[in-house]
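Novice: This is target03.cif, which holds mmCIF, C-alpha atoms:
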```
data_protein
loop_
_atom_site.label_atom_id
_atom_site.label_comp_id
_atom_site.auth_asym_id
_atom_site.auth_seq_id
_atom_site.Cartn_x
_atom_site.Cartn_y
_atom_site.Cartn_z
CA PRO A 1330 -16.50 24.62 -3.85
CA GLY A 1331 -16.85 25.85 -7.39
CA ASN A 1332 -13.85 28.16 -7.76
CA CYS A 1333 -11.67 25.36 -9.18
CA PRO A 1334 -11.69 25.57 -13.01
CA GLY A 1335 -11.74 21.75 -13.11
CA HIS A 1336 -15.02 21.83 -11.21
CA ARG A 1337 -16.55 24.43 -13.51
CA ARG A 1338 -15.44 22.59 -16.64
CA ALA A 1339 -16.82 19.29 -15.33
CA ILE A 1340 -20.14 20.96 -14.59
CA ARG A 1341 -20.28 22.45 -18.09
CA ASP A 1342 -19.49 19.05 -19.61
CA MET A 1343 -22.19 17.43 -17.53
CA GLN A 1344 -24.75 20.02 -18.53
CA ASP A 1345 -23.91 19.60 -22.20
CA ASP A 1346 -24.41 15.81 -22.00
CA ASP A 1347 -26.94 15.06 -19.29
CA ALA A 1348 -28.72 18.13 -17.93
CA VAL A 1349 -31.50 20.39 -19.17
CA PRO A 1350 -30.05 22.86 -21.70
CA GLY A 1351 -29.41 26.27 -20.21
CA LYS A 1352 -29.92 25.19 -16.62
CA ARG A 1353 -27.06 26.36 -14.42
CA PRO A 1354 -26.19 25.01 -10.97
CA ALA A 1355 -27.50 27.09 -8.10
CA ALA A 1356 -24.58 28.65 -6.23
CA VAL A 1357 -24.54 28.46 -2.45
CA GLU A 1358 -22.09 30.43 -0.33
CA GLU A 1359 -20.40 28.89 2.69
CA VAL A 1360 -18.32 30.65 5.28
CA SER A 1361 -14.90 29.17 6.01
CA ALA A 1362 -13.31 28.57 9.42
CA ASP A 1363 -12.33 32.18 10.06
CA GLY A 1364 -15.77 33.45 9.10
CA ALA A 1365 -14.36 35.83 6.48
CA ILE A 1366 -13.99 33.89 3.27
CA LYS A 1367 -16.98 32.59 1.34
CA ILE A 1368 -16.30 29.46 -0.68
CA PRO A 1369 -18.81 28.84 -3.49
CA ARG A 1370 -20.69 25.56 -3.47
CA VAL A 1371 -22.94 23.97 -6.06
CA ASP A 1372 -25.86 21.61 -5.72
CA ALA A 1373 -24.78 18.12 -4.59
CA ASP A 1374 -26.60 16.22 -7.34
CA LEU A 1375 -25.13 18.47 -10.04
CA ILE A 1376 -21.59 18.12 -8.70
CA GLN A 1377 -21.85 14.33 -8.50
CA ALA A 1378 -23.29 14.17 -12.02
CA ALA A 1379 -20.48 16.48 -13.14
CA ALA A 1380 -17.87 14.18 -11.64
CA LEU A 1381 -19.44 11.18 -13.36
CA GLY A 1382 -19.40 13.04 -16.68
CA ALA A 1383 -15.77 14.02 -16.17
CA ALA A 1384 -14.93 10.43 -15.24
CA ARG A 1385 -16.48 9.11 -18.44
CA ALA A 1386 -14.39 11.55 -20.45
CA LEU A 1387 -11.23 10.74 -18.51
CA VAL A 1388 -11.43 6.98 -18.96
CA SER A 1389 -11.99 7.29 -22.69
CA LYS A 1390 -9.62 10.21 -23.30
CA TRP A 1391 -6.65 9.03 -21.29
CA ASP A 1392 -6.59 5.36 -22.30
CA VAL A 1393 -2.97 5.30 -23.42
CA GLY A 1394 -1.21 2.42 -25.07
CA ALA A 1395 2.27 1.01 -24.62
CA ASN A 1396 3.82 3.85 -26.63
CA GLY A 1397 2.13 6.55 -24.54
CA GLU A 1398 -0.22 7.49 -27.39
CA SER A 1399 -3.96 7.95 -26.99
CA THR A 1400 -5.87 4.92 -28.25
CA GLY A 1401 -8.79 6.37 -30.10
CA SER A 1402 -10.29 3.29 -31.75
CA PRO A 1403 -14.10 2.96 -31.60
CA GLN A 1404 -13.76 -0.40 -29.85
CA ILE A 1405 -11.64 1.04 -27.04
CA ALA A 1406 -13.89 4.08 -26.76
CA ALA A 1407 -16.92 1.80 -26.40
CA GLN A 1408 -15.16 -0.29 -23.75
CA ALA A 1409 -14.13 2.85 -21.88
CA SER A 1410 -17.70 4.18 -21.99
CA ARG A 1411 -19.02 0.94 -20.52
CA ARG A 1412 -16.39 0.98 -17.77
CA ALA A 1413 -16.99 4.62 -16.89
CA SER A 1414 -20.76 4.23 -16.76
CA LYS A 1415 -20.29 1.69 -13.94
CA TRP A 1416 -17.67 3.31 -11.74
CA ASP A 1417 -18.55 1.27 -8.68
CA SER A 1418 -19.34 -2.06 -10.33
CA GLY A 1419 -17.24 -5.18 -10.75
CA PRO A 1420 -17.36 -7.72 -13.58
CA ALA A 1421 -20.73 -8.05 -15.31
CA PRO A 1422 -23.02 -10.78 -13.94
CA GLY A 1423 -22.19 -14.15 -15.47
CA SER A 1424 -18.83 -12.98 -16.78
CA ILE A 1425 -15.47 -14.43 -15.80
CA ALA A 1426 -13.40 -12.03 -13.74
CA PRO A 1427 -9.79 -11.57 -14.91
CA ALA A 1428 -7.21 -13.49 -12.93
CA PRO A 1429 -5.44 -11.29 -10.36
CA VAL A 1430 -2.04 -10.12 -11.50
CA ALA A 1431 1.02 -10.57 -9.35
CA ALA A 1432 1.49 -7.62 -7.02
CA MET A 1433 4.59 -5.56 -7.69
CA SER A 1434 6.73 -5.38 -4.60
CA ALA A 1435 7.89 -2.08 -3.16
CA ALA A 1436 11.46 -3.11 -3.93
CA ALA A 1437 10.56 -3.64 -7.60
CA VAL A 1438 8.91 -0.21 -7.79
CA ASP A 1439 11.95 1.41 -6.17
CA ALA A 1440 14.31 -0.41 -8.54
CA ILE A 1441 12.38 0.83 -11.59
CA LEU A 1442 12.35 4.41 -10.33
CA GLN A 1443 16.03 4.37 -9.39
CA HIS A 1444 16.91 3.05 -12.84
CA ASN A 1445 14.68 5.69 -14.50
CA PRO A 1446 14.82 8.84 -12.33
CA ALA A 1447 12.79 10.82 -14.89
CA LEU A 1448 9.79 8.59 -14.16
CA ALA A 1449 9.93 9.55 -10.48
CA ASP A 1450 10.82 13.23 -10.86
CA GLY A 1451 9.31 14.18 -14.20
CA PRO A 1452 10.97 16.39 -16.81
CA PRO A 1453 13.38 19.04 -15.47
CA LEU A 1454 12.54 22.72 -15.54
CA ALA A 1455 13.89 24.75 -18.45
CA SER A 1456 16.11 26.61 -15.99
CA GLY A 1457 17.63 23.36 -14.77
CA GLN A 1458 16.61 24.21 -11.20
CA PRO A 1459 14.80 21.64 -9.04
CA ILE A 1460 11.02 21.87 -8.89
CA ASP A 1461 9.76 24.09 -6.08
CA PHE A 1462 6.44 22.54 -5.04
CA ASP A 1463 5.98 25.20 -2.34
CA ALA A 1464 5.66 27.82 -5.10
CA ALA A 1465 2.72 26.03 -6.75
CA ASP A 1466 -0.85 27.30 -6.44
CA VAL A 1467 -1.78 23.94 -4.92
CA GLN A 1468 0.59 21.33 -3.53
CA LEU A 1469 -0.28 18.12 -1.73
CA LYS A 1470 0.74 14.48 -1.44
CA LEU A 1471 -1.21 11.27 -2.06
CA TYR A 1472 -0.39 8.14 -0.04
CA LEU A 1473 -0.78 5.27 -2.50
CA HIS A 1474 -0.10 1.52 -2.46
CA CYS A 1475 2.80 0.38 -4.62
CA ASP A 1476 0.35 -1.53 -6.84
CA VAL A 1477 -1.31 1.80 -7.60
CA ILE A 1478 2.13 3.24 -8.37
CA SER A 1479 2.67 0.32 -10.75
CA ALA A 1480 -0.63 1.10 -12.50
CA LEU A 1481 0.34 4.78 -12.76
CA LEU A 1482 3.69 3.93 -14.31
CA GLY A 1483 2.07 1.77 -16.99
CA PRO A 1484 3.95 -0.05 -19.75
CA GLU A 1485 7.49 1.33 -19.86
CA GLY A 1486 6.36 4.38 -17.89
CA SER A 1487 4.03 5.51 -20.67
CA THR A 1488 1.01 6.18 -18.45
CA ILE A 1489 2.64 8.62 -16.02
CA VAL A 1490 4.39 10.36 -18.92
CA ALA A 1491 1.00 10.86 -20.59
CA ILE A 1492 -0.62 12.08 -17.36
CA ARG A 1493 2.13 14.66 -16.85
CA ALA A 1494 1.90 15.87 -20.44
CA ARG A 1495 -1.89 16.15 -20.54
CA SER A 1496 -2.44 17.67 -17.09
CA SER A 1497 0.64 19.98 -16.96
CA CYS A 1498 0.86 19.06 -13.26
CA ARG A 1499 4.19 18.48 -11.55
CA ILE A 1500 4.19 14.88 -10.26
CA LYS A 1501 6.96 13.41 -8.13
CA ILE A 1502 7.02 9.87 -6.73
CA LEU A 1503 8.86 10.08 -3.42
CA PRO A 1504 11.07 7.27 -2.11
CA GLY A 1505 9.73 5.14 0.72
CA GLY A 1506 10.54 6.25 4.25
CA PRO A 1507 10.61 4.42 7.59
CA GLY A 1508 7.58 2.19 7.96
CA ALA A 1509 6.44 2.76 4.36
CA VAL A 1510 6.83 -0.86 3.26
CA SER A 1511 4.10 -1.09 0.63
CA PHE A 1512 3.12 2.57 0.18
CA ARG A 1513 4.67 5.60 -1.46
CA PHE A 1514 3.87 9.31 -1.50
CA VAL A 1515 3.07 10.97 -4.81
CA GLN A 1516 3.56 14.74 -4.65
CA LEU A 1517 1.41 16.97 -6.86
CA GLY A 1518 1.99 20.65 -7.61
CA GLY A 1519 0.40 23.08 -10.01
CA SER A 1520 -2.70 25.16 -10.59
CA CYS A 1521 -5.99 24.09 -9.07
CA GLU A 1522 -7.16 22.91 -12.49
CA ASP A 1523 -3.97 20.92 -13.12
CA VAL A 1524 -4.12 19.15 -9.75
CA CYS A 1525 -7.86 18.42 -10.16
CA SER A 1526 -7.18 16.96 -13.60
CA THR A 1527 -4.34 14.79 -12.30
CA ILE A 1528 -6.43 13.41 -9.44
CA GLY A 1529 -9.12 12.42 -11.94
CA LEU A 1530 -6.54 10.66 -14.12
CA ILE A 1531 -5.07 8.81 -11.14
CA LEU A 1532 -8.53 7.62 -10.09
CA ALA A 1533 -9.24 6.51 -13.67
CA GLU A 1534 -6.07 4.37 -13.66
CA MET A 1535 -6.98 2.95 -10.24
CA HIS A 1536 -10.43 2.09 -11.54
CA LYS A 1537 -8.99 0.24 -14.52
CA ALA A 1538 -6.62 -1.71 -12.24
CA CYS A 1539 -9.31 -2.47 -9.66
CA SER A 1540 -10.71 -5.64 -11.24
CA THR A 1541 -7.33 -7.40 -11.24
CA ASN A 1542 -5.71 -6.11 -8.06
CA PRO A 1543 -7.14 -6.40 -4.52
CA ASN A 1544 -4.67 -3.79 -3.23
CA VAL A 1545 -6.26 -1.08 -5.37
CA CYS A 1546 -9.85 -1.49 -4.19
CA THR A 1547 -11.99 -3.78 -2.05
CA SER A 1548 -15.53 -5.13 -2.39
CA GLU A 1549 -17.92 -3.86 0.27
CA LYS A 1550 -21.64 -3.96 0.96
CA MET A 1551 -23.40 -0.61 0.68
CA HIS A 1552 -27.18 -0.42 1.09
CA GLY A 1553 -27.34 -4.14 0.38
CA ASP A 1554 -25.36 -3.92 -2.86
CA ALA A 1555 -21.76 -4.96 -3.49
CA VAL A 1556 -19.63 -2.00 -4.57
CA MET A 1557 -15.92 -1.49 -5.10
CA SER A 1558 -14.53 0.83 -2.44
CA TYR A 1559 -11.33 2.86 -2.69
CA THR A 1560 -9.24 4.28 0.16
CA ILE A 1561 -6.95 7.25 -0.48
CA LYS A 1562 -5.03 9.42 1.94
CA MET A 1563 -4.14 12.98 1.02
CA LEU A 1564 -1.45 14.85 2.96
CA VAL A 1565 -2.16 18.60 3.12
CA LEU A 1566 -0.80 21.59 5.02
CA THR A 1567 -1.76 21.32 8.68
CA ALA A 1568 -2.75 24.97 8.78
CA ALA A 1569 -5.24 24.41 5.94
CA CYS A 1570 -7.16 21.71 7.79
CA GLY A 1571 -9.17 24.30 9.72
CA SER A 1572 -10.59 25.53 6.40
CA VAL A 1573 -11.38 21.95 5.35
CA ILE A 1574 -13.18 21.25 8.63
CA GLY A 1575 -14.93 24.62 8.95
CA LYS A 1576 -16.57 26.23 11.94
CA GLY A 1577 -18.27 23.52 13.97
CA GLY A 1578 -17.40 21.00 11.25
CA SER A 1579 -19.72 22.74 8.76
CA VAL A 1580 -17.43 22.47 5.71
CA ILE A 1581 -16.43 18.82 6.08
CA LEU A 1582 -20.02 17.87 6.87
CA GLY A 1583 -21.03 19.60 3.63
CA ILE A 1584 -18.38 17.68 1.68
CA ARG A 1585 -19.61 14.39 3.15
CA SER A 1586 -23.21 15.25 2.36
CA LYS A 1587 -22.52 16.24 -1.26
CA SER A 1588 -20.22 13.37 -2.11
CA ASN A 1589 -21.57 10.55 0.11
CA CYS A 1590 -17.89 9.77 0.69
CA VAL A 1591 -16.36 8.97 4.08
CA VAL A 1592 -14.01 11.92 4.65
CA LYS A 1593 -11.94 12.27 7.82
CA VAL A 1594 -9.20 14.68 8.86
CA GLU A 1595 -6.90 12.39 10.79
CA ASP A 1596 -4.74 13.13 13.80
CA LEU A 1597 -1.36 14.80 13.39
CA PRO A 1598 1.43 12.22 13.01
CA THR A 1599 3.59 14.34 15.37
CA PRO A 1600 2.74 17.48 17.39
CA ASP A 1601 4.93 19.71 15.21
CA ALA A 1602 3.97 18.17 11.84
CA THR A 1603 3.40 20.69 9.05
CA GLU A 1604 1.26 18.23 7.06
CA ARG A 1605 -1.84 16.33 8.13
CA PRO A 1606 -3.59 13.37 6.45
CA ILE A 1607 -7.16 13.44 5.16
CA SER A 1608 -8.67 10.07 4.27
CA PHE A 1609 -11.31 9.38 1.60
CA VAL A 1610 -13.19 6.06 1.50
CA GLY A 1611 -15.96 5.02 -0.87
CA PRO A 1612 -16.81 4.23 -4.50
CA VAL A 1613 -14.53 6.01 -6.94
CA GLU A 1614 -17.01 8.64 -8.12
CA ARG A 1615 -17.72 9.68 -4.52
CA VAL A 1616 -14.03 9.85 -3.67
CA HIS A 1617 -13.54 11.95 -6.82
CA VAL A 1618 -16.15 14.54 -5.81
CA ALA A 1619 -14.82 14.83 -2.24
CA MET A 1620 -11.18 15.19 -3.34
CA LEU A 1621 -12.03 17.94 -5.83
CA ASP A 1622 -13.78 19.84 -3.04
CA VAL A 1623 -10.75 19.59 -0.76
CA VAL A 1624 -8.31 20.62 -3.51
CA SER A 1625 -10.38 23.74 -4.16
CA ILE A 1626 -10.34 24.65 -0.46
CA ILE A 1627 -6.58 24.09 -0.21
CA GLY A 1628 -6.00 26.31 -3.25
CA THR A 1629 -8.07 29.11 -1.71
CA PHE A 1630 -6.21 28.79 1.60
CA ILE A 1631 -2.76 28.95 -0.02
CA LYS A 1632 -3.78 32.01 -2.03
CA GLN A 1633 -4.93 33.81 1.12
CA ILE A 1634 -1.78 32.91 3.05
CA ARG A 1635 0.43 34.31 0.29
CA ALA A 1636 -1.67 37.46 0.14
CA LYS A 1637 -0.66 38.06 3.76
CA GLY A 1638 3.03 37.71 2.86
CA LEU A 1639 3.38 34.33 4.58
CA THR A 1640 4.84 31.05 3.33
CA PRO A 1641 2.19 28.29 3.17
CA GLY A 1642 4.52 25.44 4.13
CA ALA A 1643 6.37 27.22 6.94
CA PRO A 1644 5.97 25.70 10.42
CA ILE A 1645 3.57 27.56 12.69
CA PRO A 1646 5.15 28.56 16.04
CA GLN A 1647 3.65 26.64 18.95
CA SER A 1648 2.64 29.89 20.67
CA GLU A 1649 0.50 30.89 17.67
CA ARG A 1650 -1.22 27.58 17.08
CA LYS A 1651 -4.95 27.41 17.53
CA PRO A 1652 -6.90 24.23 18.28
CA GLN A 1653 -8.41 22.64 15.19
CA PRO A 1654 -12.23 22.87 15.03
CA ASP A 1655 -14.30 19.75 15.62
CA GLN A 1656 -14.96 17.98 12.32
CA GLY A 1657 -18.19 16.39 13.50
#
```
Is it possible to give me this structure as structure tokens?

Specialist:
Amino acid sequence: PGNCPGHRRAIRDMQDDDAVPGKRPAAVEEVSADGAIKIPRVDADLIQAAALGAARALVSKWDVGANGESTGSPQIAAQASRRASKWDSGPAPGSIAPAPVAAMSAAAVDAILQHNPALADGPPLASGQPIDFDAADVQLKLYLHCDVISALLGPEGSTIVAIRARSSCRIKILPGGPGAVSFRFVQLGGSCEDVCSTIGLILAEMHKACSTNPNVCTSEKMHGDAVMSYTIKMLVLTAACGSVIGKGGSVILGIRSKSNCVVKVEDLPTPDATERPISFVGPVERVHVAMLDVVSIIGTFIKQIRAKGLTPGAPIPQSERKPQPDQG
């Protein structure tokens, strides 16, 4: 899907740096689940190259120091460029891998957030009212390990403060619920562009933490080569999953084909759940491409629901529910 401004900007950046001048991606139209809405698509190679270009910019641009300020030294920029050009690689051959850091327990994460509520909730609205995520153009949740949360917090909370400021996305770290021993939900809300930007920044922080933390990524064999694989779950509106899957699984099959990422719409946690998990597994650049596609589809779905005068997050009566299409 190309209607997300983050997608379009990434494609423009990629074309400026890597593609033939003046060559634009060929648009392809795809019909959504109800057969009425056409969601733009772009060529798979161009979108993946765009994501890689965006990733290189993200790692260098958002490398914040302990004071939450951008570190713009040539040395750090060079290091960031080397890291970003090898998204799915580990330490260089012959080098000594950094010693793993001690994992931060869920209790330690909760203690930090309870002591500093602003880190969990973000800055308050000017009106003083609580943030209404349901009113955002796009709202979703990411299910992340507490070690990822630790990486997102950064030194004295500087990293998440910088991400909020630069992306303009509302970010809320939710407290752990029953059974959530080592994982926490991170709720995102904002425009499609803001949410796309935030996801890229989160993946950049995960990538930087990968080499020292086995809970952030794992080493797997892919086509005979060792790559670092990431697993992320995204919780989206149940009603939107039909648009993500598409008629006969056409949309999700297209996302898998373009991104080479393992994407699966998982079963409902309960029959009346209003949110449903989608899992993404693969090297970070592939996960990035697939997640941007899904965010764009969710944004289009929410816009259409509101145009009909409905509330996106409202439960769907059992009598009106339709079976979800097969995702292939």

Novice: Taking 5 positions as the minimum chain separation for residues in the same chain, which residues sit within 9 Å of A:Ala1436 when counting only C-alpha atoms? Answer as an MDAnalysis selection string.

Specialist: chainID A and resid 1441 1510:1511

Novice: Run the PyMOL selection byres ((chain A and resi 1492) around 10) on the file and write out the hits as a compact mmCIF listing (two decimals) with C-alpha atoms, keeping the file's coordinate frame.

Specialist:
```
# COMPACT_ATOMS: atom_id res chain seq x y z
CA TRP A 1391 -6.65 9.03 -21.29
CA VAL A 1393 -2.97 5.30 -23.42
CA GLY A 1397 2.13 6.55 -24.54
CA LEU A 1481 0.34 4.78 -12.76
CA LEU A 1482 3.69 3.93 -14.31
CA SER A 1487 4.03 5.51 -20.67
CA THR A 1488 1.01 6.18 -18.45
CA ILE A 1489 2.64 8.62 -16.02
CA VAL A 1490 4.39 10.36 -18.92
CA ALA A 1491 1.00 10.86 -20.59
CA ARG A 1493 2.13 14.66 -16.85
CA ALA A 1494 1.90 15.87 -20.44
CA ARG A 1495 -1.89 16.15 -20.54
CA SER A 1496 -2.44 17.67 -17.09
CA SER A 1497 0.64 19.98 -16.96
CA CYS A 1498 0.86 19.06 -13.26
CA ARG A 1499 4.19 18.48 -11.55
CA ILE A 1500 4.19 14.88 -10.26
CA SER A 1526 -7.18 16.96 -13.60
CA THR A 1527 -4.34 14.79 -12.30
CA ILE A 1528 -6.43 13.41 -9.44
CA LEU A 1530 -6.54 10.66 -14.12
CA ILE A 1531 -5.07 8.81 -11.14
```

Novice: With all atoms listed in the file as the basis for distance, which of A:Ala1447, A:Ile1460, A:Ala1619, A:Val1467 is at the shortest distance from A:Glu1522?

Specialist: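 Result for the nearest residue to A:Glu1522: A:Val1467.
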
Novice: Atom CA of A:Lys1537 and atom CA of A:Ser1588, how far apart in Å?

Specialist: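 Those two atoms sit 21.3 Å apart.
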
Novice: Taking all atoms listed in the file into account, name the residue in A:Ile1626, A:Val1618, A:Tyr1472, A:Gly1486 that is nearest to A:His1444.

Specialist: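 Closest to A:His1444 of all the choices is A:Gly1486.
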
Novice: What's the separation between atom CA of A:Asn1445 and atom CA of A:Gly1483, in Å to one decimal place?

Specialist: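 So the answer is 13.4 Å.
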
Novice: What box, with edges along x, y and z, holds each listed atom of stretch 1621-1633 of chain A when 8 Å is added on every side, and can you state its centre and edge lengths in Å to one decimal, as AutoDock Vina command-line options?

Specialist:
```
--center_x -8.3 --center_y 25.9 --center_z -2.1 --size_x 27.0 --size_y 31.9 --size_z 23.4
```

Novice: For A:Ile1581, which of A:Lys1593, A:Lys1470, A:Lys1637, A:His1617 is the closest residue, counting all atoms listed in the file?

Specialist: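 Of A:Lys1593, A:Lys1470, A:Lys1637, A:His1617, the one nearest A:Ile1581, counting all atoms listed in the file, is A:Lys1593.
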